[in-house]
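*Asks:* Before anything else, here's the structure in question.
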There are 2 protein chains.
Amino acid sequence: MEKLIYRVQAANSLLCVGLDPVGDDAQVARRLAEVIDQTSEYAAAFKPNLAFFLSRENGVQLLRETVQRIPESIPVILDGKFGDIANTADQYAKFAYDVVGADGVTVNPYMGDDAIVPFARPGKLVFVLAKTSNKPIHSLQDVALTRGGSLSDCAASVARKLDEQHGGIGLVVGATNAEAVARLRRLTPEQWFLVPGVGAQGGDLATTLRAGLRPDGSGLLINTSRALWQAENAAAAARELVEQINQLRPVAV
Amino acid sequence: MEKLIYRVQAANSLLCVGLDPVGDDAQVARRLAEVIDQTSEYAAAFKPNLAFFLSRENGVQLLRETVQRIPESIPVILDGKFGDIANTADQYAKFAYDVVGADGVTVNPYMGDDAIVPFARPGKLVFVLAKTSNKPIHSLQDVALTRGGSLSDCAASVARKLDEQHGGIGLVVGATNAEAVARLRRLTPEQWFLVPGVGAQGGDLATTLRAGLRPDGSGLLINTSRALWQAENAAAAARELVEQINQLRPVAV
């Protein structure tokens with residue numbers, strides 16, 4: 001997590017700039033470049049969403065160019081929600097780190113720890129889905145376990161154990177359920193949370209920060225995608241978000 | 001499921017040919033063509049594994065060429081284990097069906113039903129991970145739920161409900177745990193199971209078929225990847241597997 005921690009301090013920011021490119025191919029390449037260039041000063045991390053690239057012609061090439069455009073000092077988390085058995089996870093890790101050039105990934109815990117470990121290379125960031133920002137009718141994450149707690153709690157403890165063994169493992173915790181943020185923070189007091197769901201998806205920023213920040217005023221990456229993509233002035237929108245977040249942090253690090 | 005059912009009957013086969021290409025790029029393109037051409041006669045379906053393509057230069061192009069080489073009558077299931085919120089799942093569906101040209105996908109249920117529904121287009125096949133073939137130390141799939149059953153049972157019932165609503169939804173059920181195959185068959189008597197884990201991963205064919213076949217002698221797709229990829233004569237190896245499977249089917253359909 002060193003690169004992330006260093007960047008968070010250098011930029012004084014917990015903002016993660018999500019890149020979910022929509023629009024036609026020519027527009028998208030131009031807009032990606034604009035958003036990156038305009039928000040880099042304020043970004044603690046960038047998070048390109050794999051699906052929005054794969055759905056295009058030459059999407060992997062566009063993804064590589066996107067990652068190359070991002071300044072070296074800013075971590076890039078490839079949001080692929082990968083989850084497969086170890087020999088397949090090895091191939092996804094090769095894709096994310098060696099082909100795309102990302103510094104981290106999101107992973108799905110459904111297939112257990114051997115689907116996660118291949119991504120835990122030294123210096124890389126792995127965010128394990130615990131509680132996501134959507135509200136499906138049939139949800140697995142909230143089912144209650146006989147051992148106590150919900151499935152998302154169980155995913156969080158798997159992630160914590162793996163972090164103790166390998167380092168670099170955080171959680172994905174959606175902002176749309178503040179109680180879950182608070183509960184998962186109690187279960188994993190130290191770990192970094194990547195937090196989608198503020199803004200378009202309805203999560204409240206102040207509530208989320210109150211529930212999820214560590215006592216040192218850090219430990220969260222607040223992701224925003226659509227609000228910055230659609231902003232007339234992405235730089236101003238990013239700066240404003242960082243200021244809003246920082247006003248709500250108990251201690252500036 | 002019409003295309004699959006028709007193909008299973010036409011080829012008198014429950015064999016799914018997994019394509020997990022290993023080797024250098026030139027070798028791989030040649031070997032993919034060989035394996036497809038030699039096993040097509042015997043294949044009920046093909047299952048390219050997305051990770052093994054993405055980890056290569058021009059992997060998406062190779063994947064498209066691979067799918068194009070497969071005869072139109074044989075369903076292609078893109079094994080991507082996709083799982084993300086609805087607007088992102090839409091993009092993965094676009095990738096799998098429109099860019100790659102697949103007839104079906106594998107999906108991960110951790111994010112709930114809205115991560116699955118976008119793949120349920122008319123005529124497409126969606127296999128939801130229930131019990132996978134790996135044996136991780138920390139597994140989520142086997143945790144016991146207060147409502148009864150394990151998480152994999154819960155995933156199976158979500159899949160069954162979605163199948164009733166949308167059609168075309170099956171399960172992924174690994175061959176490495178015959179008790180789980182039998183239990184999931186009881187929970188979902190009608191649904192198609194895509195079954196990895198026979199062969200290299202240690203699942204026994206006869207036990208799996210006994211546990212998972214429906215009374216009509218069908219409802220399973222037995223996937224084999226490495227055994228066919230490494231076979232000196234892939235045609236003979238595929239024919240032999242189909243014969244082995246058919247000898248164990250109570251009724252030839």
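Simple scheme: letters A, B, ... for chains in structure tokens order, numbers from 1 for residues in each chain, numbers from 1 for ligands in the order shown.
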Would you list which chain A residues are within 7 Å of chain B using only C-alpha atoms, as a ChimeraX atom specification?
*Replies:* /A:51-52,54-55,81,83,85,88,91-92,94-95,99,110-114,132,134,136-141,143-146,158
*Asks:* Region 94-224 of chain A: which residues are strand (DSSP E) by DSSP, as JSON, numbers by chain?
*Replies:* {"A": [104, 105, 106, 107, 125, 126, 127, 128, 129, 130, 131, 169, 170, 171, 172, 173, 193, 194, 195, 220, 221, 222, 223, 224]}
*Asks:* Which distance in Å separates CA of Asn177 (chain B) and CA of Asp153 (chain A), to one decimal?
*Replies:* 25.7 Å
*Asks:* Name all residues at most 9 Å from Arg69 (chain B) (count only C-alpha atoms; drop same-chain ones fewer than 6 positions away) and give them as JSON, numbers by chain.
*Replies:* {"B": [33, 36, 37]}
*Asks:* Work out how far CA of Phe119 (chain A) is from CA of His166 (chain A), in Å to one decimal.
*Replies:*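 Spanning CA of His166 (chain A) to CA of Phe119 (chain A) is a straight-line distance of 10.0 Å.
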*Asks:* Pick out the residues sitting within 8 Å of region 198-215 of chain A, and hand them over as a PyMOL selection string; count only C-alpha atoms, and ignore anything fewer than 6 positions along from it in its own chain.
*Replies:* chain A and resi 133-134+174-179+181-182+185+189-190+222-224+226-227+245+248-251
*Asks:* Env of Ala44 (chain A): 12 Å cut, atoms = only C-alpha atoms, seq-sep filter 2 positions within chain, self excluded. Answer as a ChimeraX atom specification.
*Replies:* /A:3-18,39-42,46-47,70-77,194,218-224,238-239,242
*Asks:* Of the candidates A:Ala156, A:Asn246, A:Asp163, A:Gly168, which one gets nearest to Pro122 (chain A) if we count only C-alpha atoms?
*Replies:*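 That would be A:Gly168, the residue with the smallest distance to Pro122 (chain A).
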